[in-house]
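Student: Structure below; questions to follow.
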Amino acid sequence: MTASTREGWRRARLETILDLSLALSGPRPEGEIVEELVQQAVGLLDARAGIAISLLPPLQPVTVVSVGWPVEPGSAVHLVSLPALHAVREGTATRAAGESLGVPFSEVLVAPCLWREELMGVVAVADKEARQGQARFDDEDLTFLRSLALLAAPAIASGRRLEEIQRQRLLLEEENRALRLGVGEEAGLVGQAPGFRRVLELARRVAPSDVTVLLRGESGTGKERLARLLHSLSPRQSGPFVPLNCAAVPETLLEAELFGIERGVATGVTARPGRFELANGGTLFLDEIADLTPVLQAKLLRVVQDREVERVGGRQRMRVDVRLVTATNRDLEVMMAQGEFRQDLYYRLRVVELTIPPLRERHEDIPVLAQHFVRLQGRRLGREKLSLSRGALELLLQHDFPGNVRELENLLEAATALAAGDRVEAEDLRLAMGAGTASADLSSGTLDEVLRSHVLRTLDRCQGSRTAAAHALGIDRTTLYRMLLRWNATTVAKSNAPEKSTSRKGPNRRVRR
């Protein structure tokens, strides 16, 4: 080879190294890097064959790309483990006879892809071809192969980091999606009834968009919970979720509550933002939308159309970015026919309509909901093992639940507080329902009143013995005594206690100390 020819080869190799470094400078998949490495090595060294193998510790092949190199299952790991390549594993490029490597070639050059003292892979070329036939690789060839390998090593490491980052991102996205979907379960939106599952599926489909949604269903079916699910599954999830029950605010205050009010409108009135302003960047949920007066319906329509609000007593219109979700349990179509609800507002609010079925139409969901609420209350009370007995479940299945899911949840909240052991029994449900009290129903009495009734009944069954009653209730005597003090019922135990009972005196003395 003449001097000019050799200089041309050197220049071509330098250009190849530059091109390869530029090609590998950005993050690329590991497989592409390994393929680029072997293609460049075989092409620039005029090799008959070549192979590149990326590795994970300890010498575990990840990607194998070959050009004219015989590859059989297990041959890659066999090749990099050969004693003849000990120097390569230590970080030195080497020359070896094909026979020593068990390959059908005369001469083989092998270079390590070393990055921060870690072997990322190896690259090998075999049998240099020339015009006169086969030639030998020289030292410059070995140096060039080593340079290619050293360029590829950090690129392989970067490719792996990229893949790991992408994997973690996908895992986080999936975990985030699972958590967001789990919001529905945490909120009590659980069930297997086809009609209910259809509503949830539609909600998850429409959630990512900004369309206005009208939720319909009886009281207690979970309309606000579904609205929260729509918010949590939307791009606005990091923004505020602002609920407002239009029926719970007096008519004279509702306009200011919705749109805000300026200072000085009336004596002592200070400026404050309305719900639309508070929900900016998030979701505004207006429940009982049918209770709006015609005047407020007109003002709401304008806000929905223009996305601008004007405070009561104000002159400046403010732009708001709000996703609007409304709900009602009334028949809007009948109200429109009677002139009680604006038709143009109806169609603005009812871009997508979701109707939640009542619990009586999804009777098969009662066991699932009951178990969910018992577990939820158990976690809140620090009683993770709390469960529902078969007798209690049978009692629930016999009830129609006119108050829907809310009634079921309130009932089980009381029953779990009354449960003495690790299971909610039918007796606990009867007590929570107000059994033994004339004309009592599921919604009568507060939880504290139900709890007081249960404790006093237990104390009565135990003939006034606080020790026995505390044991039956699953609480200590001190807790029982504090309850009795709160209810001003400490005399109940004394008046009902057996005259010769001595077991109460010790606990009473200890409590007083």
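Labeling convention for the structure tokens: chains A, B, ... as they appear, residues from 1 per chain, ligands from 1 in order of appearance.
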I need the residues of segment 405-488 of chain A that end up classed as alpha helix (DSSP H) by DSSP on the backbone, written out as number ranges by chain.
Tutor: A: 405-418, 426-433, 447-461, 466-473, 477-486
Student: I need the residues in segment 100-348 of chain A that are strand (DSSP E or B) according to DSSP; give them as a ChimeraX atom specification.
Tutor: /A:107-115,118-130,133-135,213-216,241-245,261,272,283-287,308-310,312,317-319,323-328
Student: Have a look at A:Ala420, A:Val34, A:Val42, A:Leu332 and name the one nearest to Asp476 of chain A; count only C-alpha atoms.
Tutor: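 Answer, going by the shortest atom-to-atom distance: A:Ala420.
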Student: Mind checking which residues fall within 12 Å of Val269 of chain A, counting only C-alpha atoms, ignoring those fewer than 6 positions away in the same chain, and posting them as a CSV table (one decimal) with N, CA and C atoms, in the first residue's frame?
Tutor:
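Written file, result.csv:
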```
chain,number,residue,atom,x,y,z
A,256,ALA,N,-74.2,35.8,44.2
A,256,ALA,CA,-72.9,36.2,44.7
A,256,ALA,C,-72.0,34.9,44.9
A,260,GLY,N,-69.4,35.8,42.5
A,260,GLY,CA,-68.6,36.7,43.3
A,260,GLY,C,-69.3,38.0,43.6
A,261,ILE,N,-68.8,38.8,44.4
A,261,ILE,CA,-69.4,40.1,44.8
A,261,ILE,C,-68.3,41.1,45.0
A,262,GLU,N,-68.6,42.4,44.7
A,262,GLU,CA,-67.6,43.5,44.9
A,262,GLU,C,-67.9,44.2,46.2
A,263,ARG,N,-66.9,44.8,46.7
A,263,ARG,CA,-67.0,45.5,48.0
A,263,ARG,C,-67.9,46.7,47.8
A,312,VAL,N,-71.2,40.5,41.3
A,312,VAL,CA,-72.4,41.3,41.7
A,312,VAL,C,-71.8,42.7,42.1
A,313,GLY,N,-72.4,43.7,41.5
A,313,GLY,CA,-71.9,45.0,41.8
A,313,GLY,C,-70.7,45.4,41.0
```
Student: Could you check the closest approach to Ile366 of chain A for each of A:Gln192, A:Ala337, A:Leu345, A:Glu427 and tell me which residue wins, using only C-alpha atoms?
Tutor: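 Residue with the minimum atom-to-atom distance to Ile366 of chain A: A:Gln192.
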Student: Separation of atom CA of Val108 of chain A and atom CA of Asp141 of chain A, in Å?
Tutor: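 It comes out at 11.1 Å.
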Student: Of the residues A:Gly434, A:Pro358, A:Pro29, A:Pro367, which is the one nearest to Gly220 of chain A, using only C-alpha atoms?
Tutor: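 Using only C-alpha atoms, the shortest distance to Gly220 of chain A belongs to A:Pro358.
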Student: Using only C-alpha atoms, which of A:Leu324, A:Cys462, A:Ile165, A:Ala193 sits nearest Asp210 of chain A?
Tutor: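 Ranking A:Leu324, A:Cys462, A:Ile165, A:Ala193 by distance to Asp210 of chain A, first place goes to A:Leu324.
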